[in-house]
2 protein chains.
Amino acid sequence: MVRKFVYGKPLETEAVLTAFEECEEELPFLLYEKHSEVSPDTDSFSLPTELGFSEKNPLFTYSMKPDDIIYGLGEAVRGINKRGWRYISFCADDPDHTESKFSLYGAHNFLMILGEVSFGLFFDFPGAVLFDIGASDYDRLFIRPSGNDLTVYVIERESPLEIVREFRNMTGRSYLPPRWAFGFQQSRWGYQSADDVRQIVQEYRNNHIPLDSVYLDIDYMTNYKDFTIDKHKFPAFPSFVTEMKKDHIRLVPIIDAGVKIEDGYDVYEEGIAGNYFCKRKDGSDFVAGVWPGITHFPDFLNKDARKWFGGLYARLLSKGIEGFWNDMNEPAIFYSEEGVKNAWDRLSAFDETSLDVEGFFQLTGIFTQLSSQPADYARFYHRVGRKNIRHDKVHNLYGYNMTRAASEAFDRYSPKKRILLFSRSSYIGMHRYGGIWTGDNHSWWSHLLLNIKMMPSLNMCGFLYSGADIGGFGSDTTQDLLLRWLAFGLFTPLMRNHSAIGTRNQECFRFGHIESFRNLINLRYRLLPFLYSEFMKAALTDSMYFRTLLFDYPQDSHAIHVEDQLLLGDSLMLAPVYEQNAVGRYVYLPEDMLLLRFLAPASSIPEGENSLSLQDGAVISTKYCTAGHHYLPVALDEVIVFLRKGHLLLLCAPAEAEELLNTEELDLVAVLDDAKQARGSFYVDDGFCKDPNLEENLVQIQLESAADGSVFVHAGNTCTYHEHVFSL
Amino acid sequence: MVRKFVYGKPLETEAVLTAFEECEEELPFLLYEKHSEVSPDTDSFSLPTELGFSEKNPLFTYSMKPDDIIYGLGEAVRGINKRGWRYISFCADDPDHTESKFSLYGAHNFLMILGEVSFGLFFDFPGAVLFDIGASDYDRLFIRPSGNDLTVYVIERESPLEIVREFRNMTGRSYLPPRWAFGFQQSRWGYQSADDVRQIVQEYRNNHIPLDSVYLDIDYMTNYKDFTIDKHKFPAFPSFVTEMKKDHIRLVPIIDAGVKIEDGYDVYEEGIAGNYFCKRKDGSDFVAGVWPGITHFPDFLNKDARKWFGGLYARLLSKGIEGFWNDMNEPAIFYSEEGVKNAWDRLSAFDETSLDVEGFFQLTGIFTQLSSQPADYARFYHRVGRKNIRHDKVHNLYGYNMTRAASEAFDRYSPKKRILLFSRSSYIGMHRYGGIWTGDNHSWWSHLLLNIKMMPSLNMCGFLYSGADIGGFGSDTTQDLLLRWLAFGLFTPLMRNHSAIGTRNQECFRFGHIESFRNLINLRYRLLPFLYSEFMKAALTDSMYFRTLLFDYPQDSHAIHVEDQLLLGDSLMLAPVYEQNAVGRYVYLPEDMLLLRFLAPASSIPEGENSLSLQDGAVISTKYCTAGHHYLPVALDEVIVFLRKGHLLLLCAPAEAEELLNTEELDLVAVLDDAKQARGSFYVDDGFCKDPNLEENLVQIQLESAADGSVFVHAGNTCTYHEHVFSL
């Protein structure tokens, strides 16, 4: 059951597709106060008034029980259980995702309260929202929107799994990427030229490490002008695209939100002529400094502006480009004209000869506080219908609508073929148009763990095609961090290694022990058809690709607290290693499972494990593990995975690109259940069709064991299966 | 065996007290190169030339085996096993201790390579030293001092434990604090006045949460002038000190390194008259902006300056103060005169009207890059004997010698009574003069874990009296973080709750559930005589109060990798919980142990555990745990501890201050070994004597079980023991 509660006159965000009737009754579960005093208990845990919060805001309060677990919020810091911190939905360009930050790039206002009473909540409000989940007051959950007009949905279903499915159903089907986007992707800010890219590709190919894609960060453009290509760096771009595609490499260029102000630059001039940019109150176009220097922001909340800007992607589509990433679309602002003027005014008050400590701190603040200022977000407007809406009131919809603009254009320009698209900033609803990457993380072990923990939260909100920068964007990575991160990242749909200018180069061939890297990437390619299948099944059934154990084992009093193990699809459980210098880890098995250990080549089978040879001769080891707690060794170059009873895993032989994979010959690893059966469904399509039919594309596979122990495999296709069947 | 290798003409740091002969032979284990090319492999993992590193430096290289474990470096980021990162000894005022930082406040150049070949290393070099431990090259350890003149000690002994004892023996006995310094301490930057302090004390006393000390941060001074007291904020200071002491509260004021430049300020004028300040090359006194505004830095490497500055502490000693903390002594520099002038010059090149992105980043950098600049550390000199030594060459000795100055003064002014003293910045050798606190951490769960991991590393280097800001200094804490941090912090010798101005107030009475806080602090007081005893035994035998399992179980192939469990003294093992929302944790027992669970009052005994009543009626639960892996629930308000076979634990009844503890009546919890015996030694002294005799102060306690099962306790004192004896 979904109930919709409307307060005031909320703006239509189009997050929710289903039309619900508005409830007249009182909001259940939560205490609603139209206005509320700022709690005096918090005593310096102060309310960020600069984001528009005040005592005039409504406040929603829930009294949590000690055992309540709170899931949700998608892209956020900390754990899967969000208890114990304060989160603010206000899309932020912040490259330092430490524990005490309130905001990241996405605004995902979905929560699930799980306990004796369980329900889901969606706060459909496009401005800043504060979620204080046991931070100010250990026992209470406060939700404070920064305005009075909002819609609250309350979702009650029979299980946490069904609450999520209901939420996904009402917000629409998740974005489907093309299958090639499941290949391994290499990126860096920034490869400067076609030759740089060729060199990267050559190193991967020479070392036989599979690769499907190289990303173009901002340097490919002419002076950072969207939809241009720098002719010196990339002469003859369309033939370069073709050259790369012949080597099974797709280039994915970045598109930033800000349009460079430059006379003669056609995009700028079209934007001016069409009134497509966000304006100040006085009607002039707002000016923000970003990478290109001074820019205007397209008014993505305006339908005409969306159509215009989206149409520009065709300039690259026509050059053979099949994928894009949208960046800086919170939108990020380095400085505004107003901000710079204020800064200079403040600066003039200082005198070199009489600097004191207070002055020093003020001086430092003048320039560090210029970027992405709340004050700037209140300086420009969107034209929606006949209304001018101030940006800060709808801030969280900006990146969402930029990505929507692109996606809607792709429907026009590429009606039959999926185009890769993901964004940095997002709101619920954008999950229909594109995926996300989790932005500028660091080469920190804690960020590998954050990657792991964010995945199920993103899946709850519909962002299935997602991933983090593997190896870490900022700071310098190390070989061991990259290996462990790849060992987890090879399971994430968006599998991309990305790093920042000035940091250590972190392509897989840069370190010694290349065979370890090759082995890990190969494993991704062995798994690719299977992971793609699990992804499509989840997307087409409004389910989750990644889930916590809580969803499948809600009665298991230990499983419900586990945050560092993930279920993937129907059959797998992951237990990644995320601590530096760890030689293994603890794993909790909620039921008997089969351990699969993907060894480094030439490694010996660990004691107590059995060897299994795959079709290409690669050896893995297996072991039956009973329900309960285990400590397992996991070497730096190994990957462990658990296969659930009654389920199966399919592996193909690796190849150096997605297109080269042979999905007609598969290893089939199956674990028979207590009834001596195993089953699974394998989704196969052409990899690019826009509106796939789930049923038509599913191959059902069933294994049964006869009395004499022989096993029959029934499969709905003509694939060759190498069977490896286990009984627990 | 200790071998000393001298290169060039090293400065005498006085870190090592034992006089060793210089070895003529070649350095064992490591490859020494007088000059070395910067490794081309690292490719953007660049050498910080601004700290003086270059190809002209010598390079020491060790080829690590895959299984080698590298311990050491004391106060540093990351884990106890230092493999996988790059660390730079260069005392730094950095308040954001994230994983990718190279330097913290201390310079502790001690390493232990542990593997098939095991040995210890001490790089006695007072300038910057780079330790690249498998970061650039996964298999190699590089050590690069930023100069040619250094002493390297190689320590070979029969076990890791003996390597540490040898190192501690040659560097001298650890600082001994007074016993009251083991009480719980409350601090904040900043309590503004005597009334603020009274209010804090009152809240603790009213809530019956024990407290022994309140700290005075920089605001107690008159305009941040060292050794002054602001008369308005603290009228009649000596009687205020007395008033507090009557309530069993000792005040601990901060002393900062920089002396305010102010005519009429006697400390400033004495410093000028005596030529006690660090000078520029041209002979003028160097000027640095810190809290007081512009300051001079006392030349702590100069004997006369040390004597003068140390003597100033007497002004506060004579007012009844018995403890100090030395801060900002890296030394921290907010800005120098030269730096400000350069900044202004750079600023003048900018024009408000033509700011572009590159300019924006440069502008921001002008002011953020002013603080603690390497260039500033090369602008002033120390006068040592007849030499003028440039500060950056001896940078790491500054905080050490400030603390030495205070300690030597205490020997003069307080010859019979220990004075509490600890410092932010340190070098090996300073451990003889004072303890350390780990500086400006954050209210992050990862910093609770960093606190846990840093303790054994600090203990290896002799910094036994140490601790972190419990609850976290920067950012905002939450109730659950504070509870879990106190649950670990109650075992650390320096147990202090400290937080920064502008952050959430985090005294223990600020949150609900006050009884949980009371219970944890009470537990510290129950343990205090025992923890003090373990501390003194460790300090007086050159041993470690906190150790990893590796030291005691070097043959246990799992134990040697454990980083989140600590041995405390002879008898205890700690397994703290450090993850938000965790309901328990995994524990590895290298041998059978007795679990002691200190419950919250009114909690029920968990299933499978047995209840034990202490002398004051408090109930704890116990359980025999076999060697191996366990998962144990640990509620938010509980503390678990393990007692080793054949050992004992002593607990007194809690009181609200250290002075009020009754150590004549103790609970004695003992676990008999396989020979049905248990023993321990209990150190008792007056709590303040300067040169205690270990043997004279040890009470030997022995338990033996007779054939009929009765247990005899033999103890060398007249204490009353309530015996709780267990057989495993």
# chains A, B, ... in the order shown; residues from 1 in each chain; ligands from 1

call {"tool": "residues_around", "arguments": {"residues": "Tyr398 of chain A", "least_positions_apart": "2", "cutoff": "9 Å", "atoms": "only C-alpha atoms", "output": "list in words"}}
result
Cys91, Asp299, Phe300, Leu301, Asn329, Glu330, Pro331, His391, Val394, His395, Asn396, Tyr400, Asn401, Met402, Thr403, Ser425, Ser426 and Tyr427 of chain A

call {"tool": "select_by_dssp", "arguments": {"residues": "segment 282-531 of chain A", "states": "strand (DSSP E)", "output": "ChimeraX atom specification"}}
result
/A:288-290,293-296,323-327,335-336,381-384,387-390,420-423,426-427,435-437,466-467,469-470,496-497

call {"tool": "select_by_dssp", "arguments": {"residues": "segment 53-280 of chain A", "states": "helix (DSSP H, G or I)", "output": "PyMOL selection string"}}
result
chain A and resi 160-171+179-182+194-206+218-220+237-246+266-273

call {"tool": "write_last_selection", "arguments": {"atoms": "N, CA and C atoms", "output": "short mmCIF file (atom, residue, chain, number, x, y, z; two decimals), in the first residue's frame"}}
result
data_model
loop_
_atom_site.label_atom_id
_atom_site.label_comp_id
_atom_site.auth_asym_id
_atom_site.auth_seq_id
_atom_site.Cartn_x
_atom_site.Cartn_y
_atom_site.Cartn_z
N PRO A 160 10.68 -6.01 3.58
CA PRO A 160 11.58 -4.96 3.06
C PRO A 160 11.75 -5.08 1.55
N LEU A 161 11.87 -6.29 1.06
CA LEU A 161 12.05 -6.51 -0.37
C LEU A 161 10.87 -5.93 -1.15
N GLU A 162 9.68 -6.16 -0.62
CA GLU A 162 8.49 -5.67 -1.32
C GLU A 162 8.33 -4.16 -1.20
N ILE A 163 8.80 -3.59 -0.10
CA ILE A 163 8.76 -2.13 0.03
C ILE A 163 9.61 -1.51 -1.08
N VAL A 164 10.80 -2.08 -1.29
CA VAL A 164 11.66 -1.55 -2.34
C VAL A 164 11.04 -1.75 -3.72
N ARG A 165 10.47 -2.90 -3.95
CA ARG A 165 9.86 -3.14 -5.27
C ARG A 165 8.71 -2.17 -5.53
N GLU A 166 7.98 -1.90 -4.50
CA GLU A 166 6.88 -0.96 -4.64
C GLU A 166 7.43 0.43 -4.98
N PHE A 167 8.48 0.81 -4.28
CA PHE A 167 9.07 2.12 -4.54
C PHE A 167 9.62 2.19 -5.95
N ARG A 168 10.27 1.15 -6.37
CA ARG A 168 10.82 1.11 -7.72
C ARG A 168 9.72 1.09 -8.76
N ASN A 169 8.65 0.44 -8.44
CA ASN A 169 7.54 0.37 -9.38
C ASN A 169 6.93 1.75 -9.58
N MET A 170 6.77 2.49 -8.50
CA MET A 170 6.11 3.79 -8.61
C MET A 170 7.04 4.86 -9.21
N THR A 171 8.33 4.64 -9.15
CA THR A 171 9.26 5.61 -9.71
C THR A 171 9.79 5.20 -11.08
N ARG A 179 25.19 -3.40 -23.49
CA ARG A 179 25.97 -4.46 -22.85
C ARG A 179 27.47 -4.18 -22.86
N TRP A 180 27.94 -3.44 -23.87
CA TRP A 180 29.37 -3.16 -23.90
C TRP A 180 29.81 -2.35 -22.68
N ALA A 181 28.84 -1.63 -22.08
CA ALA A 181 29.15 -0.83 -20.90
C ALA A 181 29.41 -1.69 -19.66
N PHE A 182 29.33 -2.99 -19.80
CA PHE A 182 29.72 -3.88 -18.71
C PHE A 182 31.17 -4.33 -18.85
N ALA A 194 44.68 12.01 -28.76
CA ALA A 194 44.43 10.70 -29.38
C ALA A 194 45.62 9.77 -29.14
N ASP A 195 46.81 10.32 -29.20
CA ASP A 195 48.00 9.48 -28.96
C ASP A 195 48.05 8.96 -27.53
N ASP A 196 47.66 9.80 -26.58
CA ASP A 196 47.59 9.33 -25.20
C ASP A 196 46.66 8.12 -25.12
N VAL A 197 45.52 8.26 -25.74
CA VAL A 197 44.52 7.18 -25.69
C VAL A 197 45.06 5.92 -26.37
N ARG A 198 45.70 6.12 -27.52
CA ARG A 198 46.26 4.96 -28.23
C ARG A 198 47.27 4.23 -27.35
N GLN A 199 48.05 5.02 -26.64
CA GLN A 199 49.08 4.42 -25.79
C GLN A 199 48.47 3.58 -24.69
N ILE A 200 47.42 4.09 -24.09
CA ILE A 200 46.74 3.34 -23.03
C ILE A 200 46.19 2.03 -23.60
N VAL A 201 45.51 2.16 -24.74
CA VAL A 201 44.91 0.97 -25.36
C VAL A 201 45.99 -0.05 -25.71
N GLN A 202 47.09 0.47 -26.24
CA GLN A 202 48.18 -0.43 -26.64
C GLN A 202 48.74 -1.20 -25.45
N GLU A 203 48.92 -0.50 -24.34
CA GLU A 203 49.44 -1.17 -23.15
C GLU A 203 48.48 -2.25 -22.68
N TYR A 204 47.20 -1.95 -22.70
CA TYR A 204 46.23 -2.97 -22.30
C TYR A 204 46.27 -4.16 -23.25
N ARG A 205 46.28 -3.87 -24.55
CA ARG A 205 46.27 -4.96 -25.52
C ARG A 205 47.55 -5.77 -25.48
N ASN A 206 48.69 -5.08 -25.37
CA ASN A 206 49.97 -5.79 -25.32
C ASN A 206 50.07 -6.69 -24.10
N ILE A 218 37.78 16.31 -19.44
CA ILE A 218 37.56 17.64 -20.03
C ILE A 218 38.57 18.11 -21.05
N ASP A 219 39.75 17.50 -21.10
CA ASP A 219 40.79 18.03 -21.97
C ASP A 219 40.58 17.74 -23.46
N TYR A 220 39.58 16.94 -23.80
CA TYR A 220 39.39 16.62 -25.23
C TYR A 220 38.72 17.77 -25.97
N PHE A 237 38.67 13.29 -35.72
CA PHE A 237 38.04 12.56 -34.61
C PHE A 237 37.16 11.40 -35.06
N PRO A 238 36.28 11.57 -36.03
CA PRO A 238 35.43 10.44 -36.41
C PRO A 238 36.23 9.22 -36.85
N SER A 239 37.32 9.43 -37.56
CA SER A 239 38.10 8.23 -37.94
C SER A 239 38.85 7.67 -36.75
N PHE A 240 39.16 8.52 -35.78
CA PHE A 240 39.78 8.01 -34.56
C PHE A 240 38.78 7.13 -33.81
N VAL A 241 37.54 7.58 -33.75
CA VAL A 241 36.49 6.79 -33.11
C VAL A 241 36.37 5.43 -33.80
N THR A 242 36.40 5.47 -35.13
CA THR A 242 36.30 4.22 -35.89
C THR A 242 37.50 3.33 -35.64
N GLU A 243 38.69 3.94 -35.62
CA GLU A 243 39.92 3.19 -35.36
C GLU A 243 39.82 2.48 -34.01
N MET A 244 39.35 3.19 -33.02
CA MET A 244 39.23 2.60 -31.70
C MET A 244 38.18 1.47 -31.70
N LYS A 245 37.09 1.70 -32.37
CA LYS A 245 36.04 0.67 -32.39
C LYS A 245 36.50 -0.60 -33.06
N LYS A 246 37.36 -0.45 -34.03
CA LYS A 246 37.91 -1.65 -34.68
C LYS A 246 38.70 -2.46 -33.68
N ASP A 266 29.07 28.46 -31.04
CA ASP A 266 27.68 28.33 -31.47
C ASP A 266 26.73 27.88 -30.36
N VAL A 267 27.17 27.01 -29.50
CA VAL A 267 26.30 26.55 -28.42
C VAL A 267 25.93 27.73 -27.52
N TYR A 268 26.93 28.52 -27.20
CA TYR A 268 26.68 29.72 -26.39
C TYR A 268 25.68 30.63 -27.10
N GLU A 269 25.92 30.88 -28.36
CA GLU A 269 25.07 31.83 -29.07
C GLU A 269 23.65 31.31 -29.24
N GLU A 270 23.52 30.00 -29.47
CA GLU A 270 22.17 29.41 -29.55
C GLU A 270 21.46 29.54 -28.21
N GLY A 271 22.23 29.31 -27.15
CA GLY A 271 21.64 29.42 -25.82
C GLY A 271 21.13 30.81 -25.53
N ILE A 272 21.89 31.80 -25.94
CA ILE A 272 21.48 33.18 -25.73
C ILE A 272 20.24 33.49 -26.56
N ALA A 273 20.33 33.10 -27.82
CA ALA A 273 19.23 33.41 -28.73
C ALA A 273 17.93 32.75 -28.28
#

call {"tool": "residues_around", "arguments": {"residues": "Thr477 of chain B", "least_positions_apart": "5", "cutoff": "8 Å", "atoms": "only C-alpha atoms", "output": "MDAnalysis selection string"}}
result
chainID B and resid 443:444 471:472 482 504 506

call {"tool": "write_last_selection", "arguments": {"atoms": "C-alpha atoms", "output": "compact mmCIF listing (two decimals), in the first residue's frame"}}
result
# COMPACT_ATOMS: atom_id res chain seq x y z
CA SER B 443 34.74 12.69 15.51
CA TRP B 444 35.07 9.87 13.00
CA GLY B 471 34.90 11.51 21.04
CA GLY B 472 37.01 13.32 18.47
CA LEU B 482 31.36 8.68 22.26
CA ARG B 504 29.11 19.88 19.23
CA GLN B 506 30.62 16.40 23.95

call {"tool": "closest_atom_pairs", "arguments": {"of": "segment 633-661 of chain A", "to": "segment 533-545 of chain A", "cutoff": "12 Å", "atoms": "only C-alpha atoms", "output": "JSON lines"}}
result
{"residue": "A:Leu648", "atom": "CA", "partner": "A:Glu534", "partner_atom": "CA", "distance": 11.7}
{"residue": "A:Leu649", "atom": "CA", "partner": "A:Glu534", "partner_atom": "CA", "distance": 10.4}
{"residue": "A:Leu650", "atom": "CA", "partner": "A:Ser533", "partner_atom": "CA", "distance": 10.0}
{"residue": "A:Leu651", "atom": "CA", "partner": "A:Ser533", "partner_atom": "CA", "distance": 11.7}

call {"tool": "write_last_selection", "arguments": {"atoms": "all heavy atoms", "output": "PDB file, in the first residue's frame"}}
result
ATOM      1  N   LEU A 648      22.634 -21.277  -9.505  1.00  0.00           N
ATOM      2  CA  LEU A 648      23.725 -21.573 -10.413  1.00  0.00           C
ATOM      3  C   LEU A 648      24.447 -20.305 -10.856  1.00  0.00           C
ATOM      4  O   LEU A 648      23.947 -19.189 -10.715  1.00  0.00           O
ATOM      5  CB  LEU A 648      23.225 -22.359 -11.633  1.00  0.00           C
ATOM      6  CG  LEU A 648      21.920 -21.913 -12.273  1.00  0.00           C
ATOM      7  CD1 LEU A 648      22.165 -21.022 -13.471  1.00  0.00           C
ATOM      8  CD2 LEU A 648      21.146 -23.163 -12.730  1.00  0.00           C
ATOM      9  N   LEU A 649      25.649 -20.534 -11.345  1.00  0.00           N
ATOM     10  CA  LEU A 649      26.524 -19.465 -11.838  1.00  0.00           C
ATOM     11  C   LEU A 649      27.012 -19.880 -13.216  1.00  0.00           C
ATOM     12  O   LEU A 649      27.354 -21.039 -13.434  1.00  0.00           O
ATOM     13  CB  LEU A 649      27.712 -19.292 -10.885  1.00  0.00           C
ATOM     14  CG  LEU A 649      28.855 -18.385 -11.339  1.00  0.00           C
ATOM     15  CD1 LEU A 649      28.365 -16.943 -11.493  1.00  0.00           C
ATOM     16  CD2 LEU A 649      30.011 -18.459 -10.351  1.00  0.00           C
ATOM     17  N   LEU A 650      27.028 -18.935 -14.128  1.00  0.00           N
ATOM     18  CA  LEU A 650      27.494 -19.212 -15.483  1.00  0.00           C
ATOM     19  C   LEU A 650      28.754 -18.401 -15.767  1.00  0.00           C
ATOM     20  O   LEU A 650      28.826 -17.213 -15.456  1.00  0.00           O
ATOM     21  CB  LEU A 650      26.416 -18.818 -16.503  1.00  0.00           C
ATOM     22  CG  LEU A 650      25.098 -19.585 -16.357  1.00  0.00           C
ATOM     23  CD1 LEU A 650      24.000 -18.910 -17.165  1.00  0.00           C
ATOM     24  CD2 LEU A 650      25.266 -21.025 -16.814  1.00  0.00           C
ATOM     25  N   LEU A 651      29.725 -19.048 -16.352  1.00  0.00           N
ATOM     26  CA  LEU A 651      30.982 -18.381 -16.677  1.00  0.00           C
ATOM     27  C   LEU A 651      31.344 -18.704 -18.115  1.00  0.00           C
ATOM     28  O   LEU A 651      31.270 -19.852 -18.536  1.00  0.00           O
ATOM     29  CB  LEU A 651      32.108 -18.900 -15.774  1.00  0.00           C
ATOM     30  CG  LEU A 651      31.927 -18.702 -14.279  1.00  0.00           C
ATOM     31  CD1 LEU A 651      32.830 -19.644 -13.499  1.00  0.00           C
ATOM     32  CD2 LEU A 651      32.233 -17.270 -13.896  1.00  0.00           C
TER      33      LEU A 651
END

call {"tool": "closest_residue", "arguments": {"among": "B:Asp552, B:Asp674, B:Asp686, B:Asp263", "to": "Phe726 of chain B", "atoms": "only C-alpha atoms"}}
result
B:Asp674

call {"tool": "atom_distance", "arguments": {"atom1": "atom CA of Gly289 of chain A", "atom2": "atom CA of Phe473 of chain A"}}
result
22.6 Å

call {"tool": "interface_residues", "arguments": {"of": "chain B", "to": "chain A", "cutoff": "8 Å", "atoms": "only C-alpha atoms", "output": "JSON, numbers by chain"}}
result
{"B": [42, 43, 44, 45, 79, 81, 83, 84, 85, 99, 100, 135, 136, 137, 138, 289, 290, 291, 292, 293, 294, 334, 335, 340, 341, 344, 352, 356, 357, 360, 363, 364, 367, 368, 443, 444, 445, 475, 476, 478, 479, 480, 502, 503, 504, 505, 511, 512, 561, 580, 581, 582, 583, 586, 629, 630, 631]}

call {"tool": "closest_atom_pairs", "arguments": {"of": "segment 558-645 of chain A", "to": "segment 652-660 of chain A", "cutoff": "9 Å", "atoms": "only C-alpha atoms", "output": "Markdown table"}}
result
| residue | atom | partner | partner_atom | distance |
| --- | --- | --- | --- | --- |
| A:Leu614 | CA | A:Ala653 | CA | 8.2 |
| A:Gln615 | CA | A:Ala653 | CA | 6.9 |
| A:Asp616 | CA | A:Ala653 | CA | 6.1 |

call {"tool": "atom_distance", "arguments": {"atom1": "atom CA of Trp189 of chain B", "atom2": "atom CA of Ser318 of chain B"}}
result
24.5 Å

call {"tool": "atom_distance", "arguments": {"atom1": "atom CA of Ala288 of chain A", "atom2": "atom CA of Gln373 of chain A"}}
result
11.1 Å

call {"tool": "closest_residue", "arguments": {"among": "B:Cys719, B:Val287, B:Leu464, B:Ala487", "to": "Phe380 of chain B", "atoms": "only C-alpha atoms"}}
result
B:Val287

call {"tool": "closest_residue", "arguments": {"among": "B:Gly569, B:Pro554, B:Gly429, B:Gly310", "to": "Pro126 of chain B", "atoms": "only C-alpha atoms"}}
result
B:Gly429

call {"tool": "closest_residue", "arguments": {"among": "B:Asp673, B:Asp226, B:Asp247, B:Asp708", "to": "Ile261 of chain B", "atoms": "only C-alpha atoms"}}
result
B:Asp226

call {"tool": "closest_residue", "arguments": {"among": "B:Tyr62, B:Phe682, B:Phe642, B:Phe546", "to": "Met455 of chain B", "atoms": "only C-alpha atoms"}}
result
B:Phe546

call {"tool": "residues_around", "arguments": {"residues": "His647 of chain A", "least_positions_apart": "6", "cutoff": "8 Å", "atoms": "only C-alpha atoms", "output": "ChimeraX atom specification"}}
result
/A:570-571,670-673,678-680

call {"tool": "write_last_selection", "arguments": {"atoms": "C-alpha atoms", "output": "CSV table (one decimal), in the first residue's frame"}}
result
chain,number,residue,atom,x,y,z
A,570,ASP,CA,19.6,-14.5,-7.1
A,571,SER,CA,22.5,-16.8,-6.6
A,670,ALA,CA,25.4,-25.4,-9.7
A,671,VAL,CA,24.6,-26.3,-6.1
A,672,LEU,CA,21.7,-28.6,-5.7
A,673,ASP,CA,19.3,-27.9,-2.9
A,678,ALA,CA,18.9,-26.2,-8.9
A,679,ARG,CA,17.5,-23.6,-11.2
A,680,GLY,CA,18.2,-20.2,-12.7

call {"tool": "closest_residue", "arguments": {"among": "B:Leu73, B:Leu527, B:Val154, B:Val641", "to": "Leu458 of chain B", "atoms": "only C-alpha atoms"}}
result
B:Leu73
